[in-house]
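Okay, structure first, notes after.
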Amino acid sequence: MYLLELDTGATAWLLTSASLVLLMTPGLALFYGGMVRARTVLNMMLMSFGAMGVVALTWTFFGYSIAFGDDIASLIGNPFQFFGLAGTDDQSLLAGSGVPFLVGAGFQMTFAIISTALISGAIADRVRMRSWLIFAAVWSLIVYAPLAHMVWGGGLLSASGPFAAIADPIDFAGGTVVHINAGVAALVLAIIVGPRIGFGSTPMKPHNLPLVMLGSALLWFGWFGFNAGSAGTADGTAGLAWVNTTVATATAILGWLGVEKLRQRRATSLGAASGAVAGLVAITPAAAAVSPVGAVALGLITGGLCAMSLELKYRFGFDDSLDVVGVHLVGGLSGTILIGLFAVDGGLLYGGGFAQLAVQAIVAIVAMAISAALTAVIALAIKYTIGWRVTETEELEGIDVTRHLETAYDFATGSLATRRLRPVSETTTRVDLAVGAAAKKGADA
């Protein structure tokens, strides 16, 4: 940290980008909320908003320090260096940037929030909110922040790490840190928490596809802050990232719909929305490393791969409720590794040999192993202490009404919601019902 002249243009760019990235998490809430069944839509959306609540705090107190503090053994930053985002004043700027320290820290906070929220889609319809909130807080500190340090903070997987002897690893905006990391965590949680009742035998279709498409559109909009914002200022790199984000997403939609047409003889709105997200995931690490033509190829390949990967959960029997693994893990791996082919500087197809391809694959594999191991420790600790699952009755009746005493659609959830929510006399209110239900369940509602 040292003083430079304030760059108001770069500061405005990063503040705007941070706001766009923060919008992605409510967008994700709509995207995921529309994909679940009507009886759990509020619970699903609350998981995203809950992640916003806890991760903003963990990042403020320790997360930023772990990610960007002074290096310790190439694995984490000094956890206490910027405790509470203190140790700086209003004039402190990020080294070499001309951007205030707090603006940079806030921008990175939004990445930590969305990365954590992404995982929730894998365990939709069946987990306790308190278990999820505890997981979100601990995971953001023990898994996300250290991996961010390893990739962006000068650690093991960065251009300063040992693998840089092969070639400098490229992760422009979070293919490894965000998407591979969250995708692996989603897979681990889906396995440890276990499947929903009826998985594989009962139809579990999205209840509101317009919500899904609206959420996808908001994610696409917010993603310009994610990728173009990672340039740090409004320059040519940001422009390249913006264009690449657009064209890769567009071709991923076509790639996904093409697979649907070949396999099911029809294209779907869910497929278009999912394809868009897959393209956004894939271009994230490569946004400034490939040309627009390379982005077109990367998006088309990834859209098709992600669409085909959805069958894996049925083949291997893990219930990834909203296909976080198929979109974020597969998409993140695709985007990260294909940099080795399409990178203008060092890519195999541009005469750079196999070095970039090799280092991208190695970094992806190491990141997967670290994320899987640490996530498993957290998930198992929760499973064998407070537990993950709601009761079978609560899952079948719907978490919205049984756990939250709310319902998204009174007309669609029938007499159960009416009985639980409607006042039964002039003096009996929803609060009375909530207190009674809590007492009856032993204060575990």
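Every chain in the structure tokens has a letter given in the order shown (A, B, ...), and although residue numbers restart at 1 in each chain, ligands are simply numbered from 1 in the order shown.
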
Hey, what's within 9 Å of segment 125-142 of chain A if we count only C-alpha atoms and toss same-chain stuff fewer than 3 positions away? As a VMD selection string, please?
-> chain A and resid 36 to 37 39 to 41 43 to 44 46 to 47 50 to 51 53 to 55 57 to 59 62 to 63 66 to 67 112 to 113 115 to 117 119 to 120 145 to 147 193 195 to 197 321 374 to 375 378 to 379 382 to 383 386 to 392 394 to 395 398 to 399 403

Which residues come within 6 Å of Ala248 of chain A, counting only C-alpha atoms, excluding same-chain residues fewer than 4 positions away, as a list in words?
->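 Once the nearby chain positions are removed, what remains is Asn244, Gly279, Ala295, Val296 and Gly299 of chain A.
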
Could you save those same residues with N, CA and C atoms as a PDB file, in the first residue's frame?
```
ATOM      1  N   ASN A 244     -15.896  -9.881 -25.642  1.00  0.00           N
ATOM      2  CA  ASN A 244     -15.744 -11.333 -25.519  1.00  0.00           C
ATOM      3  C   ASN A 244     -16.838 -11.939 -24.648  1.00  0.00           C
ATOM      4  N   GLY A 279     -21.963 -19.861 -20.934  1.00  0.00           N
ATOM      5  CA  GLY A 279     -21.052 -19.028 -21.701  1.00  0.00           C
ATOM      6  C   GLY A 279     -20.382 -17.969 -20.852  1.00  0.00           C
ATOM      7  N   ALA A 295     -13.303 -16.217 -28.554  1.00  0.00           N
ATOM      8  CA  ALA A 295     -14.420 -16.236 -27.613  1.00  0.00           C
ATOM      9  C   ALA A 295     -15.637 -16.922 -28.215  1.00  0.00           C
ATOM     10  N   VAL A 296     -15.858 -16.715 -29.509  1.00  0.00           N
ATOM     11  CA  VAL A 296     -16.961 -17.393 -30.197  1.00  0.00           C
ATOM     12  C   VAL A 296     -16.782 -18.906 -30.111  1.00  0.00           C
ATOM     13  N   GLY A 299     -17.189 -20.196 -26.445  1.00  0.00           N
ATOM     14  CA  GLY A 299     -18.579 -20.231 -26.013  1.00  0.00           C
ATOM     15  C   GLY A 299     -19.357 -21.368 -26.641  1.00  0.00           C
TER      16      GLY A 299
END
```

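Counting from atom CA of Phe226 of chain A, the distance to atom CA of Leu280 of chain A is 9.7 Å.
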
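Using only C-alpha atoms for every distance, the candidate list A:Leu218, A:Ile123, A:Leu15, A:Leu30 yields A:Leu15 as the residue closest to Pro100 of chain A.
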
For the atom pair atom CA of Pro26 of chain A and atom CA of Trp256 of chain A, what is the interatomic distance in Å to one decimal place?
-> 24.2 Å

Return the single residue from A:Val177, A:Leu300, A:Ala372, A:Leu310 that is closest to Thr251 of chain A, with distances computed using only C-alpha atoms.
->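 Closest to Thr251 of chain A of all the choices is A:Leu300.
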
List the neighbours of Ile339 of chain A out to 12 Å using only C-alpha atoms; skip same-chain residues closer than 4 positions along the sequence, and give me the result as number ranges by chain.
-> A: 168-172, 175, 282-291, 294-295, 297-299, 332-335, 343-350, 352, 354-361, 364

Of the listed residues A:Ala29, A:Leu22, A:Val151, A:Ala381, that which approaches Ser74 of chain A most closely, counting only C-alpha atoms =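 Among A:Ala29, A:Leu22, A:Val151, A:Ala381, it is A:Val151 that comes nearest to Ser74 of chain A.
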
Run DSSP on the backbone of this structure and report the residues of segment 268-299 of chain A it assigns to alpha helix (DSSP H), as a list of chain:residue names.
->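 Selecting the alpha helix (DSSP H) positions of segment 268-299 of chain A gives A:Ser269, A:Leu270, A:Gly271, A:Ala272, A:Ala273, A:Ser274, A:Gly275, A:Ala276, A:Val277, A:Ala278, A:Gly279, A:Leu280, A:Val281, A:Ala282, A:Ile283, A:Pro292, A:Val293, A:Gly294, A:Ala295, A:Val296, A:Ala297, A:Leu298, A:Gly299.
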
Mind dumping the selected residues with C-alpha atoms as an mmCIF file, in the first residue's frame?
```cif
data_model
loop_
_atom_site.group_PDB
_atom_site.id
_atom_site.type_symbol
_atom_site.label_atom_id
_atom_site.label_comp_id
_atom_site.auth_asym_id
_atom_site.auth_seq_id
_atom_site.Cartn_x
_atom_site.Cartn_y
_atom_site.Cartn_z
ATOM 1 C CA SER A 269 -36.219 -21.500 -22.732
ATOM 2 C CA LEU A 270 -34.498 -23.234 -19.803
ATOM 3 C CA GLY A 271 -31.791 -24.348 -22.203
ATOM 4 C CA ALA A 272 -31.292 -20.816 -23.532
ATOM 5 C CA ALA A 273 -31.033 -19.374 -20.014
ATOM 6 C CA SER A 274 -28.670 -22.118 -18.882
ATOM 7 C CA GLY A 275 -26.576 -21.788 -22.030
ATOM 8 C CA ALA A 276 -26.167 -18.087 -21.385
ATOM 9 C CA VAL A 277 -24.852 -18.738 -17.893
ATOM 10 C CA ALA A 278 -22.528 -21.462 -19.195
ATOM 11 C CA GLY A 279 -21.052 -19.028 -21.701
ATOM 12 C CA LEU A 280 -20.587 -16.383 -19.036
ATOM 13 C CA VAL A 281 -18.803 -18.906 -16.838
ATOM 14 C CA ALA A 282 -16.498 -20.053 -19.625
ATOM 15 C CA ILE A 283 -15.365 -16.623 -20.770
ATOM 16 C CA PRO A 292 -13.482 -12.232 -30.214
ATOM 17 C CA VAL A 293 -13.187 -15.127 -32.681
ATOM 18 C CA GLY A 294 -11.609 -17.243 -29.955
ATOM 19 C CA ALA A 295 -14.420 -16.236 -27.613
ATOM 20 C CA VAL A 296 -16.961 -17.393 -30.197
ATOM 21 C CA ALA A 297 -15.301 -20.817 -30.375
ATOM 22 C CA LEU A 298 -14.916 -21.066 -26.615
ATOM 23 C CA GLY A 299 -18.579 -20.231 -26.013
#
```

Taking the chain letters and numbering used in this document, name the residues of segment 5-100 of chain A that DSSP puts in strand (DSSP E or B), as a list in words.
->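 The strand (DSSP E or B) residues within segment 5-100 of chain A come out as Asp71, Ile72, Ile76, Gly77, Leu93 and Pro100 of chain A.
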
Could you pull the residues within 9 Å of Ala228 of chain A, counting only C-alpha atoms, minus those fewer than 3 positions along the same chain, as a CSV table (one decimal) with C-alpha atoms, in the first residue's frame?
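What follows is the written file around_39.csv:
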```
chain,number,residue,atom,x,y,z
A,17,SER,CA,-18.5,-2.7,-11.7
A,173,ALA,CA,-11.8,-12.8,-13.6
A,223,TRP,CA,-21.3,-10.1,-15.6
A,224,PHE,CA,-20.0,-7.0,-17.5
A,225,GLY,CA,-19.0,-5.7,-14.1
A,231,ALA,CA,-9.6,-4.7,-16.1
A,232,GLY,CA,-9.4,-2.2,-13.2
A,233,THR,CA,-10.2,0.8,-15.4
A,234,ALA,CA,-12.1,1.7,-18.5
A,237,THR,CA,-8.7,-4.4,-22.0
A,238,ALA,CA,-12.1,-3.7,-20.5
A,239,GLY,CA,-13.5,-3.2,-24.0
A,240,LEU,CA,-12.1,-6.6,-25.1
A,241,ALA,CA,-13.5,-8.3,-22.0
A,242,TRP,CA,-16.9,-6.7,-22.7
A,243,VAL,CA,-17.1,-7.9,-26.3
A,245,THR,CA,-18.3,-11.7,-22.7
A,287,ALA,CA,-12.0,-12.6,-21.2
A,288,ALA,CA,-8.8,-10.6,-21.8
```

Residue neighbourhood Gly258 of chain A, 10 Å, only C-alpha atoms, exclusion window fewer than 2 positions, as an mmCIF file with C-alpha atoms, in the first residue's frame:
```
data_model
loop_
_atom_site.group_PDB
_atom_site.id
_atom_site.type_symbol
_atom_site.label_atom_id
_atom_site.label_comp_id
_atom_site.auth_asym_id
_atom_site.auth_seq_id
_atom_site.Cartn_x
_atom_site.Cartn_y
_atom_site.Cartn_z
ATOM 1 C CA ALA A 252 -22.981 -20.732 -25.783
ATOM 2 C CA ILE A 253 -26.748 -20.239 -26.043
ATOM 3 C CA LEU A 254 -26.622 -21.619 -29.583
ATOM 4 C CA GLY A 255 -24.367 -24.482 -28.542
ATOM 5 C CA TRP A 256 -26.727 -25.513 -25.740
ATOM 6 C CA GLU A 260 -31.115 -29.924 -27.093
ATOM 7 C CA LYS A 261 -32.368 -30.002 -30.670
ATOM 8 C CA LEU A 262 -30.231 -33.013 -31.509
ATOM 9 C CA ARG A 263 -31.068 -34.963 -28.361
ATOM 10 C CA GLN A 264 -34.668 -33.923 -27.642
ATOM 11 C CA ARG A 265 -35.805 -32.499 -30.996
ATOM 12 C CA ARG A 266 -36.720 -29.218 -29.348
ATOM 13 C CA ALA A 267 -35.032 -26.125 -27.974
ATOM 14 C CA GLY A 271 -31.791 -24.348 -22.203
ATOM 15 C CA LEU A 300 -19.863 -22.647 -28.638
ATOM 16 C CA GLY A 303 -22.402 -24.468 -24.344
ATOM 17 C CA GLY A 304 -22.469 -27.901 -25.935
ATOM 18 C CA ALA A 307 -25.636 -29.268 -22.016
#
```

With distances taken over only C-alpha atoms, which of A:Gly161, A:Pro206, A:Pro79, A:Gly331 is nearest to Ala182 of chain A?
-> A:Gly331

Using only C-alpha atoms: which of A:Ala38, A:Thr268, A:Leu14, A:Met109 has the shortest distance to Met213 of chain A | A:Thr268

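The smallest atom-to-atom distance between Gly69 of chain A and any of A:Gly27, A:Gly104, A:Gly121, A:Gly153, using only C-alpha atoms, is found for A:Gly153.
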
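Coordinates place atom CA of Ile370 of chain A at a distance of 18.5 Å from atom CA of Ser160 of chain A.
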